[in-house]
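With mmCIF, C-alpha atoms inside, this is upload_34.cif:
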data_query
loop_
_atom_site.group_PDB
_atom_site.id
_atom_site.type_symbol
_atom_site.label_atom_id
_atom_site.label_comp_id
_atom_site.auth_asym_id
_atom_site.auth_seq_id
_atom_site.Cartn_x
_atom_site.Cartn_y
_atom_site.Cartn_z
ATOM 1 C CA MET S 4 74.299 109.889 99.716
ATOM 2 C CA THR S 5 77.334 110.181 97.441
ATOM 3 C CA ILE S 6 77.044 110.224 93.674
ATOM 4 C CA LEU S 7 80.141 109.373 91.646
ATOM 5 C CA LEU S 8 80.624 111.497 88.553
ATOM 6 C CA PHE S 9 82.355 110.603 85.298
ATOM 7 C CA GLY S 10 83.227 112.232 81.998
ATOM 8 C CA VAL S 11 81.375 115.424 81.216
ATOM 9 C CA THR S 12 79.211 115.188 84.372
ATOM 10 C CA LYS S 13 82.366 115.850 86.384
ATOM 11 C CA ASP S 14 82.881 119.074 84.442
ATOM 12 C CA ILE S 15 79.255 120.135 84.845
ATOM 13 C CA VAL S 16 79.220 119.656 88.608
ATOM 14 C CA GLY S 17 82.827 120.754 88.983
ATOM 15 C CA SER S 18 83.919 117.881 91.211
ATOM 16 C CA PRO S 19 84.478 114.091 91.009
ATOM 17 C CA SER S 20 81.574 113.342 93.327
ATOM 18 C CA LEU S 21 78.479 114.937 94.711
ATOM 19 C CA SER S 22 77.027 114.645 98.213
ATOM 20 C CA ILE S 23 73.336 114.783 98.776
ATOM 21 C CA PRO S 24 72.664 115.312 102.486
ATOM 22 C CA SER S 25 70.604 112.401 103.720
ATOM 23 C CA ALA S 26 69.476 114.080 106.906
ATOM 24 C CA SER S 27 66.620 116.447 106.249
ATOM 25 C CA VAL S 28 68.561 119.438 107.560
ATOM 26 C CA THR S 29 67.993 121.197 104.302
ATOM 27 C CA ASN S 30 64.276 120.547 104.424
ATOM 28 C CA ARG S 31 64.508 119.275 100.874
ATOM 29 C CA LYS S 32 63.091 115.968 99.816
ATOM 30 C CA ILE S 33 65.730 113.269 99.577
ATOM 31 C CA PRO S 34 65.580 111.241 96.365
ATOM 32 C CA LYS S 35 64.437 107.672 97.045
ATOM 33 C CA SER S 36 64.453 106.327 93.502
ATOM 34 C CA VAL S 37 66.453 106.769 90.341
ATOM 35 C CA ARG S 38 63.581 108.818 88.922
ATOM 36 C CA GLU S 39 63.634 111.206 91.907
ATOM 37 C CA LEU S 40 67.415 111.457 91.762
ATOM 38 C CA ARG S 41 67.235 112.309 88.070
ATOM 39 C CA ALA S 42 64.716 115.090 88.776
ATOM 40 C CA PHE S 43 66.759 116.372 91.728
ATOM 41 C CA LEU S 44 69.975 116.521 89.679
ATOM 42 C CA GLY S 45 68.254 118.042 86.665
ATOM 43 C CA LYS S 46 66.977 120.857 88.840
ATOM 44 C CA SER S 47 70.327 121.485 90.554
ATOM 45 C CA TYR S 48 72.412 121.139 87.371
ATOM 46 C CA PRO S 49 70.230 121.964 84.332
ATOM 47 C CA GLU S 50 73.170 121.286 81.998
ATOM 48 C CA LEU S 51 72.764 117.570 82.773
ATOM 49 C CA ASN S 52 69.415 117.699 80.962
ATOM 50 C CA GLN S 53 71.170 118.779 77.757
ATOM 51 C CA LEU S 54 73.228 115.579 77.440
ATOM 52 C CA SER S 55 72.269 113.165 74.647
ATOM 53 C CA SER S 56 71.994 110.460 77.307
ATOM 54 C CA LEU S 57 72.495 110.180 81.047
ATOM 55 C CA ALA S 58 72.412 106.753 82.633
ATOM 56 C CA ILE S 59 72.443 106.144 86.372
ATOM 57 C CA ALA S 60 74.276 103.128 87.721
ATOM 58 C CA VAL S 61 73.358 101.620 91.069
ATOM 59 C CA ASN S 62 75.928 99.153 92.441
ATOM 60 C CA ASN S 63 77.697 98.807 89.083
ATOM 61 C CA THR S 64 74.534 98.112 87.082
ATOM 62 C CA TYR S 65 72.574 100.437 84.807
ATOM 63 C CA ALA S 66 69.385 101.177 86.728
ATOM 64 C CA GLY S 67 65.899 101.937 85.465
ATOM 65 C CA ASP S 68 63.908 104.869 86.869
ATOM 66 C CA ASP S 69 61.918 102.691 89.286
ATOM 67 C CA VAL S 70 64.960 101.345 91.123
ATOM 68 C CA GLU S 71 65.062 102.443 94.781
ATOM 69 C CA ILE S 72 68.204 104.018 96.121
ATOM 70 C CA ASN S 73 69.694 104.185 99.596
ATOM 71 C CA SER S 74 72.645 105.952 101.126
ATOM 72 C CA TYR S 75 74.695 102.701 101.210
ATOM 73 C CA ASP S 76 74.302 102.108 97.451
ATOM 74 C CA GLU S 77 77.121 102.994 95.087
ATOM 75 C CA ILE S 78 75.509 105.445 92.688
ATOM 76 C CA ALA S 79 77.133 106.934 89.596
ATOM 77 C CA LEU S 80 76.196 109.207 86.716
ATOM 78 C CA ILE S 81 77.147 107.776 83.328
ATOM 79 C CA PRO S 82 77.117 110.306 80.470
ATOM 80 C CA PRO S 83 77.420 109.080 76.838
ATOM 81 C CA VAL S 84 80.206 106.483 76.747
ATOM 82 C CA SER S 85 83.107 106.683 74.304
ATOM 83 C CA GLY S 86 85.350 103.691 74.825
ATOM 84 C CA GLY S 87 87.348 102.043 72.070
ATOM 85 C CA MET T 20 85.924 78.263 83.344
ATOM 86 C CA ASP T 21 87.485 81.497 84.514
ATOM 87 C CA LYS T 22 84.815 83.466 86.360
ATOM 88 C CA LYS T 23 87.072 86.050 87.969
ATOM 89 C CA VAL T 24 86.627 89.675 86.932
ATOM 90 C CA LYS T 25 89.853 90.687 85.192
ATOM 91 C CA ASN T 26 91.391 94.118 84.935
ATOM 92 C CA VAL T 27 91.117 95.148 81.305
ATOM 93 C CA PHE T 28 92.869 98.504 81.654
ATOM 94 C CA ILE T 29 96.392 99.399 80.628
ATOM 95 C CA GLN T 30 97.973 102.765 81.384
ATOM 96 C CA GLY T 31 98.716 104.619 78.138
ATOM 97 C CA PRO T 32 98.720 103.208 74.594
ATOM 98 C CA ILE T 33 98.709 99.490 73.765
ATOM 99 C CA THR T 34 101.992 98.864 71.995
ATOM 100 C CA PRO T 35 102.561 96.729 68.870
ATOM 101 C CA ASP T 36 104.995 94.655 71.004
ATOM 102 C CA PHE T 37 102.254 93.869 73.507
ATOM 103 C CA ILE T 38 99.999 92.727 70.663
ATOM 104 C CA ALA T 39 102.746 90.617 69.084
ATOM 105 C CA ASN T 40 103.403 88.950 72.450
ATOM 106 C CA ALA T 41 99.726 88.166 72.866
ATOM 107 C CA ILE T 42 99.772 86.406 69.489
ATOM 108 C CA ALA T 43 102.955 84.522 70.350
ATOM 109 C CA LYS T 44 101.419 83.224 73.600
ATOM 110 C CA HIS T 45 98.746 81.418 71.594
ATOM 111 C CA GLN T 46 101.114 79.347 69.488
ATOM 112 C CA SER T 47 101.046 76.598 72.129
ATOM 113 C CA LYS T 48 97.237 76.409 71.963
ATOM 114 C CA THR T 49 97.024 74.110 68.989
ATOM 115 C CA THR T 50 93.261 73.495 68.994
ATOM 116 C CA ILE T 51 92.947 77.048 67.674
ATOM 117 C CA GLY T 52 92.556 77.364 63.915
ATOM 118 C CA ALA T 53 91.524 81.021 63.649
ATOM 119 C CA HIS T 54 92.217 84.292 65.465
ATOM 120 C CA ASP T 55 90.589 87.610 64.836
ATOM 121 C CA ILE T 56 91.832 90.904 66.220
ATOM 122 C CA PHE T 57 90.286 94.337 66.552
ATOM 123 C CA LEU T 58 92.537 97.317 67.148
ATOM 124 C CA GLY T 59 91.002 100.676 67.955
ATOM 125 C CA GLN T 60 93.297 103.510 66.891
ATOM 126 C CA VAL T 61 92.990 107.156 67.881
ATOM 127 C CA ARG T 62 91.977 109.126 64.808
ATOM 128 C CA ALA T 63 93.184 112.656 64.052
ATOM 129 C CA ASP T 64 89.701 114.121 63.671
ATOM 130 C CA LYS T 65 89.309 117.738 62.667
ATOM 131 C CA ILE T 66 86.463 119.313 64.622
ATOM 132 C CA GLU T 67 85.416 122.888 63.887
ATOM 133 C CA GLY T 68 88.828 123.643 62.440
ATOM 134 C CA LYS T 69 90.790 122.160 65.359
ATOM 135 C CA ASN T 70 92.866 118.987 65.196
ATOM 136 C CA VAL T 71 92.587 116.201 67.756
ATOM 137 C CA THR T 72 96.077 115.358 69.015
ATOM 138 C CA ALA T 73 95.216 112.676 71.578
ATOM 139 C CA ILE T 74 92.391 111.145 73.558
ATOM 140 C CA GLU T 75 92.575 110.999 77.329
ATOM 141 C CA TYR T 76 90.628 108.021 78.656
ATOM 142 C CA THR T 77 89.028 107.748 82.055
ATOM 143 C CA ALA T 78 86.636 105.071 83.253
ATOM 144 C CA TYR T 79 84.332 104.041 86.026
ATOM 145 C CA GLU T 80 86.832 101.253 86.497
ATOM 146 C CA GLY T 81 84.935 98.950 88.835
ATOM 147 C CA MET T 82 81.797 98.960 86.731
ATOM 148 C CA ALA T 83 83.723 98.918 83.445
ATOM 149 C CA ASN T 84 85.633 95.775 84.440
ATOM 150 C CA GLN T 85 82.336 94.224 85.532
ATOM 151 C CA LYS T 86 80.772 95.102 82.152
ATOM 152 C CA PHE T 87 83.754 93.731 80.213
ATOM 153 C CA HIS T 88 83.357 90.548 82.254
ATOM 154 C CA GLU T 89 79.627 90.272 81.465
ATOM 155 C CA ILE T 90 80.297 90.851 77.761
ATOM 156 C CA ARG T 91 82.972 88.120 77.816
ATOM 157 C CA GLU T 92 80.734 85.624 79.579
ATOM 158 C CA ALA T 93 77.792 86.285 77.249
ATOM 159 C CA THR T 94 80.026 85.994 74.176
ATOM 160 C CA PHE T 95 81.523 82.677 75.342
ATOM 161 C CA LYS T 96 77.977 81.353 75.782
ATOM 162 C CA ARG T 97 76.927 82.427 72.324
ATOM 163 C CA PHE T 98 79.977 81.483 70.249
ATOM 164 C CA ASP T 99 82.331 78.507 70.185
ATOM 165 C CA LEU T 100 85.494 80.303 71.287
ATOM 166 C CA THR T 101 88.729 78.936 72.689
ATOM 167 C CA CYS T 102 89.748 82.198 74.285
ATOM 168 C CA MET T 103 89.185 85.931 74.345
ATOM 169 C CA HIS T 104 91.298 88.839 75.545
ATOM 170 C CA ILE T 105 90.298 92.477 75.902
ATOM 171 C CA TYR T 106 92.591 95.404 76.742
ATOM 172 C CA HIS T 107 91.648 99.080 76.906
ATOM 173 C CA SER T 108 93.841 102.107 77.536
ATOM 174 C CA LEU T 109 93.503 104.629 80.318
ATOM 175 C CA GLY T 110 95.174 108.029 80.266
ATOM 176 C CA ARG T 111 96.613 109.739 77.233
ATOM 177 C CA VAL T 112 96.755 107.979 73.876
ATOM 178 C CA ALA T 113 98.118 110.033 70.965
ATOM 179 C CA VAL T 114 96.666 109.944 67.456
ATOM 180 C CA GLY T 115 97.867 106.875 65.582
ATOM 181 C CA GLU T 116 98.275 104.861 68.791
ATOM 182 C CA ILE T 117 96.149 101.894 69.835
ATOM 183 C CA CYS T 118 93.569 102.274 72.622
ATOM 184 C CA LEU T 119 91.559 99.033 72.316
ATOM 185 C CA PHE T 120 92.750 95.494 71.620
ATOM 186 C CA VAL T 121 90.250 92.656 71.331
ATOM 187 C CA PHE T 122 91.553 89.195 70.496
ATOM 188 C CA VAL T 123 89.292 86.188 69.944
ATOM 189 C CA SER T 124 90.319 82.650 69.010
ATOM 190 C CA SER T 125 88.398 79.575 67.917
ATOM 191 C CA PRO T 126 88.943 76.316 66.067
ATOM 192 C CA HIS T 127 87.218 77.868 62.999
ATOM 193 C CA ARG T 128 87.033 81.252 61.268
ATOM 194 C CA LYS T 129 83.268 81.823 61.130
ATOM 195 C CA GLU T 130 82.992 82.028 64.922
ATOM 196 C CA VAL T 131 85.794 84.549 65.361
ATOM 197 C CA PHE T 132 84.430 86.978 62.758
ATOM 198 C CA GLU T 133 80.998 87.027 64.354
ATOM 199 C CA ALA T 134 82.177 86.989 67.954
ATOM 200 C CA LEU T 135 84.638 89.840 67.421
ATOM 201 C CA HIS T 136 82.003 92.032 65.794
ATOM 202 C CA HIS T 137 79.638 91.325 68.671
ATOM 203 C CA VAL T 138 82.212 92.044 71.393
ATOM 204 C CA VAL T 139 83.390 95.333 69.887
ATOM 205 C CA GLU T 140 79.840 96.636 69.394
ATOM 206 C CA GLU T 141 78.930 95.752 72.991
ATOM 207 C CA ILE T 142 82.040 97.484 74.327
ATOM 208 C CA LYS T 143 81.285 100.656 72.368
ATOM 209 C CA LYS T 144 77.710 100.722 73.656
ATOM 210 C CA GLU T 145 77.853 99.470 77.236
ATOM 211 C CA VAL T 146 81.166 100.046 78.956
ATOM 212 C CA PRO T 147 81.575 103.234 81.034
ATOM 213 C CA VAL T 148 84.769 104.527 79.464
ATOM 214 C CA PHE T 149 85.039 108.198 78.564
ATOM 215 C CA GLY T 150 87.307 109.708 75.948
ATOM 216 C CA LYS T 151 88.281 113.333 76.108
ATOM 217 C CA GLU T 152 89.483 114.587 72.725
ATOM 218 C CA LEU T 153 92.418 116.912 73.280
ATOM 219 C CA PHE T 154 93.100 119.619 70.720
ATOM 220 C CA GLU T 155 96.379 121.272 69.813
ATOM 221 C CA ASP T 156 95.368 124.515 71.566
ATOM 222 C CA ASP T 157 94.829 122.729 74.937
ATOM 223 C CA SER T 158 91.048 122.835 74.641
ATOM 224 C CA TYR T 159 89.051 119.596 74.690
ATOM 225 C CA GLN T 160 85.690 118.012 74.085
ATOM 226 C CA TRP T 161 84.095 114.808 75.383
ATOM 227 C CA LYS T 162 83.740 112.194 72.690
ATOM 228 C CA VAL T 163 80.433 110.384 72.143
ATOM 229 C CA ASN T 164 80.300 106.942 70.503
ATOM 230 C CA THR T 165 77.911 106.773 67.567
#

Is it possible to give me this structure as C-alpha cells?
Amino acid sequence: MTILLFGVTKDIVGSPSLSIPSASVTNRKIPKSVRELRAFLGKSYPELNQLSSLAIAVNNTYAGDDVEINSYDEIALIPPVSGG
Amino acid sequence: MDKKVKNVFIQGPITPDFIANAIAKHQSKTTIGAHDIFLGQVRADKIEGKNVTAIEYTAYEGMANQKFHEIREATFKRFDLTCMHIYHSLGRVAVGEICLFVFVSSPHRKEVFEALHHVVEEIKKEVPVFGKELFEDDSYQWKVNT
C-alpha cells in the first residue's frame, strides 16, 4: 500500500510517498480503514498528530474514518491546505 | 455543457497580460453584462521577524483538478452564470505577483458577486494546494489558510 504525501507531511516523513508492506512479513497489522491508517501513521510519525488538520483522500475524495482501504486504492495525506 | 476536468494549473505567476487576454476573449460573448474577477496576490508577510519573499506552490494535482471541477459544476448549478475560469499557480510566485485568478461572467451583476465569493471560499477550503512561504534567509514555513 502506497500513501502519497503532500505539503508538510512530506517533510515529516522525509519522502514524497510512504509504503506500507501489505504482506504480513512484519507481523504488524495492516490498516484496513482510514481510521486504522490514521492510528498507524500517528504511531509511526507522531509529528502528524500535531497538525491542525490531517485529511486522508481515497481515490481523489476526502474520506471519513469508516472508509475501507485496499492496496489498489490511491491514498494520500492532505495536511492543512493553503491555495490561493 | 462542458463536463471535462480541466487543468487549472499554470507554472509560475499569472501575468497581467494573461488576465487582460482572458478579458478580451469575452468581448465576443455579448449576452454577458457583468464580470467579476478575484486575483490572489502573494503578500509580503513578516513572520517572527522574517520577511516572506515568495510562496512556492505544490498540489495534489489530480485531486485538485477534480476538486476545482466539482466546485465549478456546483457553482454553475447554483448561480446563473455564462462562464467561469479558474487558474492557479504552481511553483514559485514572488511577493506582489498573482497566484490565483478566478473569473466569472453572467448577464447580471448580482450573480457574479455572489458566485465569485462562493468559488473563492470553496477553493481556499477544499482544494489540495500547498503554499510554502519562503523567507529571505532560505528558511521556510508551510502556510495554512484561515

Selection dump of the PyMOL selection byres ((chain S) within 12 of (chain T)), as number ranges by chain: S: 7-15, 19, 54-65, 77-87

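Between CA of Val114 (chain T) and CA of Lys44 (chain T) there is a distance of 27.8 Å.
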
For this structure, which residues satisfy the selection - the PyMOL selection byres ((chain T and resi 34) around 10) - when it is evaluated on the file as given? I want them as a PyMOL selection string. chain T and resi 31-33+35-39+116-118+120

Residue selection dump (C-alpha atoms) as a PDB file, keeping the file's coordinate frame:
ATOM      1  CA  GLY T  31      98.716 104.619  78.138  1.00  0.00           C
ATOM      2  CA  PRO T  32      98.720 103.208  74.594  1.00  0.00           C
ATOM      3  CA  ILE T  33      98.709  99.490  73.765  1.00  0.00           C
ATOM      4  CA  PRO T  35     102.561  96.729  68.870  1.00  0.00           C
ATOM      5  CA  ASP T  36     104.995  94.655  71.004  1.00  0.00           C
ATOM      6  CA  PHE T  37     102.254  93.869  73.507  1.00  0.00           C
ATOM      7  CA  ILE T  38      99.999  92.727  70.663  1.00  0.00           C
ATOM      8  CA  ALA T  39     102.746  90.617  69.084  1.00  0.00           C
ATOM      9  CA  GLU T 116      98.275 104.861  68.791  1.00  0.00           C
ATOM     10  CA  ILE T 117      96.149 101.894  69.835  1.00  0.00           C
ATOM     11  CA  CYS T 118      93.569 102.274  72.622  1.00  0.00           C
ATOM     12  CA  PHE T 120      92.750  95.494  71.620  1.00  0.00           C
TER      13      PHE T 120
END

Quick one: what's the axis-aligned box for region 67-78 of chain T, all listed atoms, 3 Å on every side, centre and edges in Å to one decimal, as AutoDock Vina command-line options?
--center_x 90.7 --center_y 114.4 --center_z 72.8 --size_x 16.7 --size_y 24.6 --size_z 26.8

Neighbours of region 41-46 of chain S within 9 Å (all atoms listed in the file; same-chain residues fewer than 5 positions away dropped), as a compact mmCIF listing (two decimals) with C-alpha atoms, keeping the file's coordinate frame?
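That gives us part38.txt:
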# COMPACT_ATOMS: atom_id res chain seq x y z
CA LYS S 32 63.09 115.97 99.82
CA ILE S 33 65.73 113.27 99.58
CA PRO S 34 65.58 111.24 96.36
CA SER S 36 64.45 106.33 93.50
CA LEU S 51 72.76 117.57 82.77
CA ASN S 52 69.42 117.70 80.96
CA ILE S 59 72.44 106.14 86.37
CA ASP S 68 63.91 104.87 86.87

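Within a radius of 10 Å around (98.1, 118.0, 76.8), the polymer residues are Thr72, Ala73, Ile74, Glu75, Arg111, Ala113, Leu153, Phe154, Glu155, Asp156, Asp157, Ser158 and Tyr159 of chain T, counting all atoms listed in the file.
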
Identify which of the residues S:Ile72, S:Leu40, S:Ile23, S:Ala66 lies closest to Thr5 (chain S), counting all atoms listed in the file when measuring atom-to-atom distances. S:Ile23

CA of Ile29 (chain T) and CA of Val16 (chain S), how far apart in Å? 27.7 Å

For the structure provided, state which residues fall under the PyMOL selection byres ((chain T and resi 102) around 10), and present them as a PyMOL selection string. chain T and resi 45+48+51+54+91+95+99-101+103-104+122-125

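Comparing the minimum interatomic distances between Asp64 (chain T) and each of T:Pro126, T:Gly115, T:Glu92, T:Phe28, counting only C-alpha atoms, we find that T:Gly115 sits nearest.
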
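CA of Ile6 (chain S) is positioned 5.5 Å from CA of Ser20 (chain S).
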
Compare T:Ile66, T:Ile56, T:Val138, T:Val112 by their minimum atom-to-atom distance to Thr94 (chain T), counting all atoms listed in the file, and give me the closest one. T:Val138
